[in-house]
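Undergrad: Dropping the structure in here first, questions after.
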Amino acid sequence: MISSSIVGFPRVGSDRAHKFALEKYWRKKITVEELVEAGKKIKLRNWEFESKAGIEQIVVGDFSYYDHILDLAVAFNVIPSRFKDVKRGDGLEDKFEFYFSLARGAKSTANGNNIEGDSIHPLEMTKWFDTNYHCLVPEISKHTEFKLTNKDLVEEYVHAKNQGYNAKPVIVGPATFIYFSKFEDNTSTESKWDYLNKLIPLYADLILELEKNGAKMIQIDEPILATTLDSEVLDAFDRAYKLLGGLIESKRNIGYGDPYYKIKLFLANYYSSYDENFDVATSIDIFDGFHFDLVNGISDIPKILEKGFKNKTLSLGLVDGRNVWKTDLKERFNFFIKNFAGLDPSVSVIINSSCSLLHLPLTVKKEKDYLETDLYRLLSFASEKVIEISQLTTMISVYRESRSLVAFDENFQDSKFKKVFICKHSRPNPDTKPRKTGPNEDKFTRISSFQGRKKIQNEYFNLPIYPTTTIGSFPQTTDIRSKRRAYKSGEITYEQYLDEIKRKIIDCIHLQFELDLDVFVNGEYERTDMVEFFGENLEGMEVTTNGWVQSYGSRYVKPPIIFAHVYRGNPMTCELMEFTLKTIQSVLDSIGSTKKKYVKAILTGPVTIVKWSFPRNDIPISEVTKQVAMAIREEVIDLEAIGVHMIQVDEPAIREGLPLKKKDQDEYKQWAIESFRTATSGINDFTQIHTHMCYSDFYEIIEIIKGLDVDVLTIESVKSNMKFLNNLVPGKENYEAGIGPGAYDVHSPAIPSKEEIIERIKQYTKYFDKKSVWINPDCGNKTRTEAELKPALQNMIAVAKQLRIQEGEN
Ligand SMILES: Nc1nc2c(c(=O)[nH]1)N[C@@H](CNc1ccc(C(=O)N[C@@H](CCC(=O)N[C@@H](CCC(=O)N[C@@H](CCC(=O)O)C(=O)O)C(=O)O)C(=O)O)cc1)CN2
Ligand SMILES: [Zn+2]
């Protein structure tokens, strides 16, 4: 039997209904009832769409008001004790207020230990596997009282059932939940996994409740199976599911669930193969079916065939859920026939997406008026992928029944056309040599080693100790946003838009003089986003107009599409940097100063550009990244030539690019380092290369960080641990560069006090040589307001000055 399903669908809703409903609710512009209504509307539309497209098992449980891991933490009562005084009533408003307080923090109104108005910090965010989606981090301690506090999933299922849908509930499994959780410091790795067993009874109850209400199957997502797991973890996984099976059975015996129908349990893994986790996972007999990612996990195929899965269900993730290219149905059909035509007749097959469609924009139709027709023709976003799955299912079932191939002519033509299109758009003369050679010709390492450059740069820049700087972006005001919108919609000319940007740069430079920062930036006002901007400016890349993808909560990004050979047509940042240099000089002239002021140009690095885009899939990602690296290299060379001698090449996504499987990581490390070095080595020794990274635990990429051979690293470590920093002590373990570990957290609107900043710097100087430490915020300031920015930077700079006096240097 062949049927169709998807792993999950985006929550964004039409015209970003999700984002706007949330933000309106937070601004108290709509009521909680209206928020819930908006959510229901998105869900109903999704179900209706999936069903009309011909998907047999539509999905419930993939929607979330904020994040799916947060939903589970709340449902399982995994609430950190600092929230104990936040009201948790039964009413709808209390329920949502409490839920959002975990995501966004709260003010205590406590009568207990907290003084009224104390702020309670939210749960941490972390990257969801190797994607740009962030989930929240549940906090578990020995005081956690695991219990089921809501049955939202069951209610949602019943809602869909009552609408007449054949719905499949999905839930993230207990092992993946534990994997993302944080534990008290003294919890050992083994006992972390002991907590897994405490979650099992809650899953059992939920599953039986679904069964009682008529659910025929449940998809349990355990994408940790795509990672390399230690054997203890795999054992714990095995034990936990066996426990779940036993518990479900014994509860059935005492009247839980449905006496006539046993719900089927499906295990879903995606983003990569099961690989060495295959045997354990697929031998757990409580599972009636297994999902395989057959785009990014094809190495499982021989094992699948060997195992045979008689009388089980195989969910085959044939349609790419993470990339935007139209599915070549004929190729996928042939792939299926080649590999799976010989499956035992007792095996049920579900044709599926490789992973949840959460990482794709909603529909390509919204781009019709904006994208070049030829490119538009090649794309398929979440909605279109759903239709493709349905079409592929028809092709396969018709073939299996009648052995006659249905020709999907149009799709076939499109796939042929893709090759022509890529060729047409490729670089006019795609040789492998750099198009532009700088002072270091076409070499891909810096001229001198770090120590040699350091000497030259110290003399050249003559900065004080504890030099102060920022990470690049300054607040994006509504003024700029509305001017940009006006320019994009053709209401004002590019020159008018540019004038506005230049006005902001002038203000920004004056502000930096007033604050007395040591190294300036130009504020990145011209960029909506650090990746989208390069997508707009590089050849071979295109940006969408409505292609929003959830990054976290109500925040969305528009990943560019890399469709051909990437190269730089024209300089991208030089014009505004020249303007910035002139502005600085004119201020210096006006005050009669002969001092030099340095400005740091900000570019996005090749790995991050590719990682936060949708890359072409006809060549390896390492090749795409090397092309981007070459383009950034040209920009670096040009920036140096116009007199910008500090250049920061941001790589915040370099950690998340690390492959999920340990065995693939070395290769990645090598090309990621190579790409970064390609981008940053065409220049003289005096030019100082900075990089910036944030949002991750960098412990695992220490080798990459060292390999980049930068002069200065600014890294978000306000929240990360000292164990990691200890590995970056200059002079130790080959790490020598300057380091700016982040004086305060830019993601909080609170103004950091001088005391708190001093405390932090003192912590750092326990580890680092003072001479290597830079003082800067821990990330860009674009999400702050101008009113928050100034006092925060004032405090930070005051601290640097105070420390210099204490050290007897000025
Ligand atoms: N690509 C990428 N990934 C990243 C990050 C990043 O900076 N870039 N940072 C990390 C965290 N992720 C983040 C993701 C999104 C946002 C974010 O703020 N997104 C904005 C979108 C910002 C944007 O592009 N704004 C446009 C305007 C877009 C728009 O449609 N505006 C509204 C009106 C809203 C307004 O005027 O403010 C409209 O036109 O209707 C602009 O500045 O020009 C949002 O969802 O609100 C922040 C962090 C990790 N991943
Ligand atoms: Zn950052």
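Labels for the structure tokens follow display order: chains A, B, ..., residues from 1 in each chain, ligands from 1.
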Could you list, as number ranges by chain, all residues that come within 9 Å of ligand 2? Count only C-alpha atoms and all ligand atoms.
TA: A: 471, 650-652, 692-695, 714-716, 778-780
Undergrad: Wanna dump the chain A-ligand 1 contacts at 7 Å for me, each residue with its shortest atom pair and the distance in Å to one decimal, counting only C-alpha atoms and all ligand atoms, ordered by chain and number, as a Markdown table?
TA:
```
| residue | atom | partner | partner_atom_place_in_ligand_line | distance |
| --- | --- | --- | --- | --- |
| A:Asn132 | CA | ligand 1 | 50 (N) | 5.6 |
| A:Gln476 | CA | ligand 1 | 42 (O) | 6.9 |
| A:Thr478 | CA | ligand 1 | 36 (O) | 5.8 |
| A:Arg481 | CA | ligand 1 | 43 (O) | 4.6 |
| A:Ser482 | CA | ligand 1 | 36 (O) | 6.3 |
| A:Arg484 | CA | ligand 1 | 43 (O) | 6.0 |
| A:Arg485 | CA | ligand 1 | 43 (O) | 6.5 |
| A:Thr528 | CA | ligand 1 | 42 (O) | 4.3 |
| A:Asp529 | CA | ligand 1 | 8 (N) | 5.4 |
| A:Met530 | CA | ligand 1 | 8 (N) | 5.7 |
| A:Val531 | CA | ligand 1 | 1 (N) | 5.4 |
| A:Glu532 | CA | ligand 1 | 1 (N) | 6.8 |
| A:Ser551 | CA | ligand 1 | 14 (C) | 5.0 |
| A:Tyr552 | CA | ligand 1 | 12 (N) | 6.7 |
| A:Ser554 | CA | ligand 1 | 45 (O) | 6.1 |
| A:Arg555 | CA | ligand 1 | 45 (O) | 3.5 |
| A:Tyr556 | CA | ligand 1 | 45 (O) | 3.7 |
| A:Val557 | CA | ligand 1 | 15 (C) | 5.0 |
| A:Lys558 | CA | ligand 1 | 1 (N) | 6.8 |
| A:Pro559 | CA | ligand 1 | 1 (N) | 6.3 |
| A:Trp612 | CA | ligand 1 | 1 (N) | 5.6 |
| A:Tyr695 | CA | ligand 1 | 49 (C) | 6.9 |
| A:Thr783 | CA | ligand 1 | 18 (O) | 6.6 |
```
Undergrad: Next, write the just-selected residues to a file, as a PDB file, in the first residue's frame, keeping N, CA, C and O atoms as the atom set.
TA:
```
ATOM      1  N   ASN A 132      19.084  26.971  10.743  1.00  0.00           N
ATOM      2  CA  ASN A 132      19.069  28.335  11.277  1.00  0.00           C
ATOM      3  C   ASN A 132      17.820  28.561  12.134  1.00  0.00           C
ATOM      4  O   ASN A 132      17.442  29.684  12.431  1.00  0.00           O
ATOM      5  N   GLN A 476      18.635  49.763  13.614  1.00  0.00           N
ATOM      6  CA  GLN A 476      17.895  49.992  12.366  1.00  0.00           C
ATOM      7  C   GLN A 476      16.622  50.732  12.764  1.00  0.00           C
ATOM      8  O   GLN A 476      15.751  50.163  13.406  1.00  0.00           O
ATOM      9  N   THR A 478      12.995  52.963  12.314  1.00  0.00           N
ATOM     10  CA  THR A 478      11.816  52.872  11.434  1.00  0.00           C
ATOM     11  C   THR A 478      11.998  53.760  10.207  1.00  0.00           C
ATOM     12  O   THR A 478      11.497  53.454   9.128  1.00  0.00           O
ATOM     13  N   ARG A 481      13.973  51.749   7.708  1.00  0.00           N
ATOM     14  CA  ARG A 481      13.123  50.676   7.179  1.00  0.00           C
ATOM     15  C   ARG A 481      12.093  51.221   6.205  1.00  0.00           C
ATOM     16  O   ARG A 481      11.848  50.633   5.158  1.00  0.00           O
ATOM     17  N   SER A 482      11.491  52.356   6.550  1.00  0.00           N
ATOM     18  CA  SER A 482      10.439  52.840   5.652  1.00  0.00           C
ATOM     19  C   SER A 482      11.064  53.400   4.363  1.00  0.00           C
ATOM     20  O   SER A 482      10.508  53.232   3.285  1.00  0.00           O
ATOM     21  N   ARG A 484      13.758  52.211   2.997  1.00  0.00           N
ATOM     22  CA  ARG A 484      14.143  51.033   2.210  1.00  0.00           C
ATOM     23  C   ARG A 484      12.919  50.451   1.508  1.00  0.00           C
ATOM     24  O   ARG A 484      12.970  50.062   0.346  1.00  0.00           O
ATOM     25  N   ARG A 485      11.811  50.428   2.254  1.00  0.00           N
ATOM     26  CA  ARG A 485      10.567  49.914   1.669  1.00  0.00           C
ATOM     27  C   ARG A 485      10.150  50.794   0.487  1.00  0.00           C
ATOM     28  O   ARG A 485       9.770  50.297  -0.571  1.00  0.00           O
ATOM     29  N   THR A 528      19.424  44.974   5.250  1.00  0.00           N
ATOM     30  CA  THR A 528      18.285  44.448   6.020  1.00  0.00           C
ATOM     31  C   THR A 528      18.813  43.327   6.894  1.00  0.00           C
ATOM     32  O   THR A 528      18.446  43.170   8.034  1.00  0.00           O
ATOM     33  N   ASP A 529      19.690  42.555   6.293  1.00  0.00           N
ATOM     34  CA  ASP A 529      20.216  41.379   6.972  1.00  0.00           C
ATOM     35  C   ASP A 529      21.614  41.132   6.427  1.00  0.00           C
ATOM     36  O   ASP A 529      21.899  41.411   5.268  1.00  0.00           O
ATOM     37  N   MET A 530      22.467  40.598   7.260  1.00  0.00           N
ATOM     38  CA  MET A 530      23.871  40.415   6.882  1.00  0.00           C
ATOM     39  C   MET A 530      24.082  39.412   5.745  1.00  0.00           C
ATOM     40  O   MET A 530      25.137  39.413   5.111  1.00  0.00           O
ATOM     41  N   VAL A 531      23.117  38.546   5.507  1.00  0.00           N
ATOM     42  CA  VAL A 531      23.247  37.589   4.398  1.00  0.00           C
ATOM     43  C   VAL A 531      22.435  38.068   3.195  1.00  0.00           C
ATOM     44  O   VAL A 531      22.905  38.039   2.057  1.00  0.00           O
ATOM     45  N   GLU A 532      21.234  38.542   3.483  1.00  0.00           N
ATOM     46  CA  GLU A 532      20.374  39.032   2.398  1.00  0.00           C
ATOM     47  C   GLU A 532      21.102  40.112   1.583  1.00  0.00           C
ATOM     48  O   GLU A 532      21.031  40.132   0.355  1.00  0.00           O
ATOM     49  N   SER A 551      13.147  31.878  12.174  1.00  0.00           N
ATOM     50  CA  SER A 551      14.447  31.708  12.809  1.00  0.00           C
ATOM     51  C   SER A 551      14.246  31.421  14.303  1.00  0.00           C
ATOM     52  O   SER A 551      14.837  30.513  14.861  1.00  0.00           O
ATOM     53  N   TYR A 552      13.403  32.214  14.941  1.00  0.00           N
ATOM     54  CA  TYR A 552      12.940  31.874  16.304  1.00  0.00           C
ATOM     55  C   TYR A 552      11.736  32.751  16.636  1.00  0.00           C
ATOM     56  O   TYR A 552      11.654  33.897  16.171  1.00  0.00           O
ATOM     57  N   SER A 554       8.984  35.054  16.838  1.00  0.00           N
ATOM     58  CA  SER A 554       8.337  35.849  15.787  1.00  0.00           C
ATOM     59  C   SER A 554       9.353  36.367  14.777  1.00  0.00           C
ATOM     60  O   SER A 554       9.022  37.194  13.932  1.00  0.00           O
ATOM     61  N   ARG A 555      10.597  35.930  14.900  1.00  0.00           N
ATOM     62  CA  ARG A 555      11.649  36.438  14.009  1.00  0.00           C
ATOM     63  C   ARG A 555      11.846  35.536  12.800  1.00  0.00           C
ATOM     64  O   ARG A 555      12.018  34.327  12.933  1.00  0.00           O
ATOM     65  N   TYR A 556      11.870  36.168  11.661  1.00  0.00           N
ATOM     66  CA  TYR A 556      11.986  35.432  10.397  1.00  0.00           C
ATOM     67  C   TYR A 556      13.139  35.983   9.559  1.00  0.00           C
ATOM     68  O   TYR A 556      13.534  37.141   9.725  1.00  0.00           O
ATOM     69  N   VAL A 557      13.673  35.141   8.681  1.00  0.00           N
ATOM     70  CA  VAL A 557      14.714  35.599   7.738  1.00  0.00           C
ATOM     71  C   VAL A 557      14.296  35.228   6.312  1.00  0.00           C
ATOM     72  O   VAL A 557      13.445  34.363   6.125  1.00  0.00           O
ATOM     73  N   LYS A 558      14.913  35.911   5.359  1.00  0.00           N
ATOM     74  CA  LYS A 558      14.656  35.582   3.952  1.00  0.00           C
ATOM     75  C   LYS A 558      15.945  35.055   3.340  1.00  0.00           C
ATOM     76  O   LYS A 558      16.744  35.834   2.817  1.00  0.00           O
ATOM     77  N   PRO A 559      16.185  33.766   3.413  1.00  0.00           N
ATOM     78  CA  PRO A 559      17.450  33.244   2.882  1.00  0.00           C
ATOM     79  C   PRO A 559      17.519  33.456   1.368  1.00  0.00           C
ATOM     80  O   PRO A 559      16.556  33.144   0.665  1.00  0.00           O
ATOM     81  N   TRP A 612      23.330  30.250   5.378  1.00  0.00           N
ATOM     82  CA  TRP A 612      22.057  30.939   5.590  1.00  0.00           C
ATOM     83  C   TRP A 612      21.340  31.272   4.279  1.00  0.00           C
ATOM     84  O   TRP A 612      20.494  32.160   4.230  1.00  0.00           O
ATOM     85  N   TYR A 695      26.018  33.015  18.990  1.00  0.00           N
ATOM     86  CA  TYR A 695      24.876  32.095  19.055  1.00  0.00           C
ATOM     87  C   TYR A 695      25.214  30.620  19.195  1.00  0.00           C
ATOM     88  O   TYR A 695      24.400  29.785  18.878  1.00  0.00           O
ATOM     89  N   THR A 783      19.299  45.215  16.626  1.00  0.00           N
ATOM     90  CA  THR A 783      17.982  44.995  17.234  1.00  0.00           C
ATOM     91  C   THR A 783      17.747  45.875  18.479  1.00  0.00           C
ATOM     92  O   THR A 783      16.692  45.811  19.096  1.00  0.00           O
TER      93      THR A 783
END
```
Undergrad: Just want the 7 Å neighbourhood of range 145-156 of chain A, counted on only C-alpha atoms, with same-chain residues fewer than 5 positions away dropped. Output as a ChimeraX atom specification.
TA: /A:60-61,75-78,198-199,202,209-210
Undergrad: Using only C-alpha atoms, find the one residue out of A:Tyr466, A:Tyr271, A:Phe340, A:Phe129 that sits nearest to Gly308 in chain A.
TA: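 Using only C-alpha atoms, Gly308 in chain A sits closest to A:Phe340.
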Undergrad: Which polymer residues have any atom within 12 Å of an atom of Val587 in chain A, counting only C-alpha atoms, with same-chain residues fewer than 6 positions away left out, as a PDB file with C-alpha atoms, in the first residue's frame?
TA:
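Below you can see part_38.pdb, which holds the result:
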```pdb
ATOM      1  CA  ILE A 506      27.305  60.761   9.392  1.00  0.00           C
ATOM      2  CA  ASP A 507      25.275  60.579  12.627  1.00  0.00           C
ATOM      3  CA  ILE A 509      30.365  58.575  13.021  1.00  0.00           C
ATOM      4  CA  HIS A 510      29.614  61.631  15.145  1.00  0.00           C
ATOM      5  CA  LEU A 511      28.192  59.388  17.834  1.00  0.00           C
ATOM      6  CA  GLN A 512      31.321  57.240  17.815  1.00  0.00           C
ATOM      7  CA  PHE A 513      33.536  60.313  18.128  1.00  0.00           C
ATOM      8  CA  GLU A 514      31.393  61.509  21.003  1.00  0.00           C
ATOM      9  CA  THR A 580      32.706  56.741   5.799  1.00  0.00           C
ATOM     10  CA  LEU A 581      36.447  57.420   5.491  1.00  0.00           C
ATOM     11  CA  SER A 593      43.083  66.720  14.938  1.00  0.00           C
ATOM     12  CA  THR A 594      46.029  64.967  13.363  1.00  0.00           C
ATOM     13  CA  LYS A 595      45.227  61.717  15.153  1.00  0.00           C
ATOM     14  CA  LYS A 596      44.209  58.779  13.017  1.00  0.00           C
ATOM     15  CA  LYS A 597      40.866  57.104  13.493  1.00  0.00           C
TER      16      LYS A 597
END
```
Undergrad: Name the residues in contact with Thr545 in chain A at a cut-off of 10 Å, using only C-alpha atoms, excluding same-chain residues fewer than 6 positions from it; report them as a ChimeraX atom specification.
TA: /A:364,366-371,488,558,560
Undergrad: Save out the residues we just selected, N, CA and C atoms, as an mmCIF file, in the first residue's frame.
TA:
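File produced: selection.cif:
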```cif
data_model
loop_
_atom_site.group_PDB
_atom_site.id
_atom_site.type_symbol
_atom_site.label_atom_id
_atom_site.label_comp_id
_atom_site.auth_asym_id
_atom_site.auth_seq_id
_atom_site.Cartn_x
_atom_site.Cartn_y
_atom_site.Cartn_z
ATOM 1 N N VAL A 364 5.904 29.727 -3.384
ATOM 2 C CA VAL A 364 6.666 30.445 -4.391
ATOM 3 C C VAL A 364 5.748 31.392 -5.177
ATOM 4 N N LYS A 366 4.026 33.737 -4.285
ATOM 5 C CA LYS A 366 4.189 35.132 -3.852
ATOM 6 C C LYS A 366 5.387 35.808 -4.522
ATOM 7 N N GLU A 367 6.188 35.025 -5.236
ATOM 8 C CA GLU A 367 7.381 35.598 -5.891
ATOM 9 C C GLU A 367 7.147 35.840 -7.378
ATOM 10 N N LYS A 368 6.004 35.412 -7.855
ATOM 11 C CA LYS A 368 5.758 35.418 -9.306
ATOM 12 C C LYS A 368 6.008 36.794 -9.935
ATOM 13 N N ASP A 369 5.571 37.832 -9.253
ATOM 14 C CA ASP A 369 5.714 39.174 -9.837
ATOM 15 C C ASP A 369 7.103 39.753 -9.642
ATOM 16 N N TYR A 370 7.943 39.082 -8.902
ATOM 17 C CA TYR A 370 9.232 39.686 -8.557
ATOM 18 C C TYR A 370 10.437 38.962 -9.147
ATOM 19 N N LEU A 371 10.337 37.627 -9.201
ATOM 20 C CA LEU A 371 11.511 36.885 -9.657
ATOM 21 C C LEU A 371 11.545 36.783 -11.176
ATOM 22 N N LYS A 488 12.402 50.057 -2.411
ATOM 23 C CA LYS A 488 12.130 48.755 -3.040
ATOM 24 C C LYS A 488 10.820 48.759 -3.812
ATOM 25 N N LYS A 558 14.913 35.911 5.359
ATOM 26 C CA LYS A 558 14.656 35.582 3.952
ATOM 27 C C LYS A 558 15.945 35.055 3.340
ATOM 28 N N PRO A 560 18.641 33.983 0.860
ATOM 29 C CA PRO A 560 18.780 34.135 -0.591
ATOM 30 C C PRO A 560 18.889 32.768 -1.277
#
```
Undergrad: Which residue gives the smallest distance to Thr228 in chain A among A:Gln665, A:Asn166, A:Asn311, A:Asn253, with only C-alpha atoms counted?
TA: A:Gln665
Undergrad: Pull the alpha helix (DSSP H) assignments for range 229-452 of chain A out of DSSP run on the backbone, and list those residues as a ChimeraX atom specification.
TA: /A:231-253,278-283,301-307,329-340,373-376,382-402,409-424,450-452
Undergrad: Might you pull out every residue within 8 Å of range 23-36 of chain A, with only C-alpha atoms counted and same-chain residues fewer than 4 positions away left off, and present them as a PyMOL selection string?
TA: chain A and resi 19+40+92-93+96+554
Undergrad: Selection from above, N, CA and C atoms, as a PDB file, in the first residue's frame, can you write it?
TA:
```
ATOM      1  N   LYS A  19       3.844  35.859  12.755  1.00  0.00           N
ATOM      2  CA  LYS A  19       4.685  36.921  13.308  1.00  0.00           C
ATOM      3  C   LYS A  19       3.831  38.108  13.774  1.00  0.00           C
ATOM      4  N   LYS A  40      -5.282  29.274  15.222  1.00  0.00           N
ATOM      5  CA  LYS A  40      -6.215  28.253  14.716  1.00  0.00           C
ATOM      6  C   LYS A  40      -6.406  28.406  13.210  1.00  0.00           C
ATOM      7  N   LEU A  92      -7.029  31.414  29.827  1.00  0.00           N
ATOM      8  CA  LEU A  92      -6.285  31.466  28.575  1.00  0.00           C
ATOM      9  C   LEU A  92      -5.156  32.495  28.642  1.00  0.00           C
ATOM     10  N   GLU A  93      -5.472  33.646  29.189  1.00  0.00           N
ATOM     11  CA  GLU A  93      -4.482  34.712  29.246  1.00  0.00           C
ATOM     12  C   GLU A  93      -3.300  34.314  30.127  1.00  0.00           C
ATOM     13  N   PHE A  96      -1.039  31.789  28.344  1.00  0.00           N
ATOM     14  CA  PHE A  96      -0.126  32.347  27.339  1.00  0.00           C
ATOM     15  C   PHE A  96       0.919  33.281  27.955  1.00  0.00           C
ATOM     16  N   SER A 554       8.984  35.054  16.838  1.00  0.00           N
ATOM     17  CA  SER A 554       8.337  35.849  15.787  1.00  0.00           C
ATOM     18  C   SER A 554       9.353  36.367  14.777  1.00  0.00           C
TER      19      SER A 554
END
```
Undergrad: Could you please write out, as an MDAnalysis selection string, every residue of range 259-483 of chain A that DSSP assigns to strand (DSSP E or B)?
TA: chainID A and resid 264:268 289:293 313:319 325 348:353 379 438 441 468 473
Undergrad: Return the single residue from A:Asp230, A:Asp85, A:Asp328, A:Asp258 that is closest to Lys212 in chain A, with distances computed using only C-alpha atoms.
TA: A:Asp258
Undergrad: From the options A:Thr604, A:Ser191, A:Thr765, A:Thr785, which residue's atoms come nearest to Ile751 in chain A, counting only C-alpha atoms?
TA: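 Closest to Ile751 in chain A of all the choices is A:Thr785.
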Undergrad: Residues within 6 Å of range 537-544 of chain A, please, as a PyMOL selection string. Count only C-alpha atoms; anything in the same chain fewer than 4 positions from it doesn't count.
TA: chain A and resi 560-568
Undergrad: Take the selection from the previous step and output its residues with N, CA, C and O atoms, as a JSON list (two decimals), in the first residue's frame.
TA:
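Listed below is the output, selection_24.json:
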```json
[["chain", "number", "residue", "atom", "x", "y", "z"],
["A", 560, "PRO", "N", 18.64, 33.98, 0.86],
["A", 560, "PRO", "CA", 18.78, 34.14, -0.59],
["A", 560, "PRO", "C", 18.89, 32.77, -1.28],
["A", 560, "PRO", "O", 19.13, 31.76, -0.62],
["A", 561, "ILE", "N", 18.72, 32.76, -2.57],
["A", 561, "ILE", "CA", 18.82, 31.53, -3.34],
["A", 561, "ILE", "C", 20.09, 31.60, -4.19],
["A", 561, "ILE", "O", 20.30, 32.57, -4.92],
["A", 562, "ILE", "N", 20.93, 30.60, -4.05],
["A", 562, "ILE", "CA", 22.15, 30.54, -4.87],
["A", 562, "ILE", "C", 21.84, 29.65, -6.06],
["A", 562, "ILE", "O", 21.62, 28.46, -5.90],
["A", 563, "PHE", "N", 21.77, 30.24, -7.25],
["A", 563, "PHE", "CA", 21.28, 29.46, -8.38],
["A", 563, "PHE", "C", 22.34, 29.18, -9.45],
["A", 563, "PHE", "O", 22.10, 28.40, -10.36],
["A", 564, "ALA", "N", 23.48, 29.84, -9.35],
["A", 564, "ALA", "CA", 24.50, 29.62, -10.39],
["A", 564, "ALA", "C", 25.86, 29.90, -9.78],
["A", 564, "ALA", "O", 25.99, 30.08, -8.57],
["A", 565, "HIS", "N", 26.89, 29.97, -10.63],
["A", 565, "HIS", "CA", 28.23, 30.31, -10.17],
["A", 565, "HIS", "C", 28.17, 31.67, -9.46],
["A", 565, "HIS", "O", 27.67, 32.63, -10.00],
["A", 566, "VAL", "N", 28.66, 31.71, -8.23],
["A", 566, "VAL", "CA", 28.63, 32.98, -7.50],
["A", 566, "VAL", "C", 29.91, 33.76, -7.81],
["A", 566, "VAL", "O", 31.01, 33.21, -7.74],
["A", 567, "TYR", "N", 29.75, 35.00, -8.19],
["A", 567, "TYR", "CA", 30.93, 35.86, -8.36],
["A", 567, "TYR", "C", 30.53, 37.29, -8.08],
["A", 567, "TYR", "O", 29.34, 37.63, -8.01],
["A", 568, "ARG", "N", 31.55, 38.12, -7.92],
["A", 568, "ARG", "CA", 31.26, 39.52, -7.61],
["A", 568, "ARG", "C", 31.21, 40.31, -8.91],
["A", 568, "ARG", "O", 32.17, 40.32, -9.66]]
```
Undergrad: Return the single residue from A:Ile591, A:Leu576, A:Leu206, A:Cys508 that is closest to Ile642 in chain A, with distances computed using only C-alpha atoms.
TA: A:Leu576
Undergrad: Using only C-alpha atoms, which of A:Tyr274, A:Phe100, A:Phe9, A:Phe614 sits nearest Phe63 in chain A?
TA: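 The answer is A:Phe9, which sits nearest to Phe63 in chain A.
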Undergrad: Which residues of range 378-473 of chain A sit at most 8 Å from range 344-357 of chain A, using only C-alpha atoms? Give each one's shortest atom pair and distance in Å (one decimal place), in chain and ascending residue order, as JSON lines.
TA:
```
{"residue": "A:Ala382", "atom": "CA", "partner": "A:Leu357", "partner_atom": "CA", "distance": 5.6}
{"residue": "A:Lys385", "atom": "CA", "partner": "A:Ser353", "partner_atom": "CA", "distance": 7.8}
{"residue": "A:Val386", "atom": "CA", "partner": "A:Ser353", "partner_atom": "CA", "distance": 7.9}
{"residue": "A:Ile389", "atom": "CA", "partner": "A:Asn352", "partner_atom": "CA", "distance": 6.3}
{"residue": "A:Leu392", "atom": "CA", "partner": "A:Ile351", "partner_atom": "CA", "distance": 7.6}
{"residue": "A:Thr393", "atom": "CA", "partner": "A:Ile351", "partner_atom": "CA", "distance": 6.0}
```
Undergrad: Can I get the residues of range 89-174 of chain A within 12 Å of range 697-712 of chain A, each with the closest pair of atoms and their distance in Å to one decimal, using only C-alpha atoms, sorted chain first then ascending number, as CSV?
TA:
```
residue,atom,partner,partner_atom,distance
A:Glu124,CA,A:Asp697,CA,11.9
A:Met125,CA,A:Asp697,CA,11.2
A:Thr126,CA,A:Asp697,CA,8.8
A:Lys127,CA,A:Asp697,CA,9.6
```
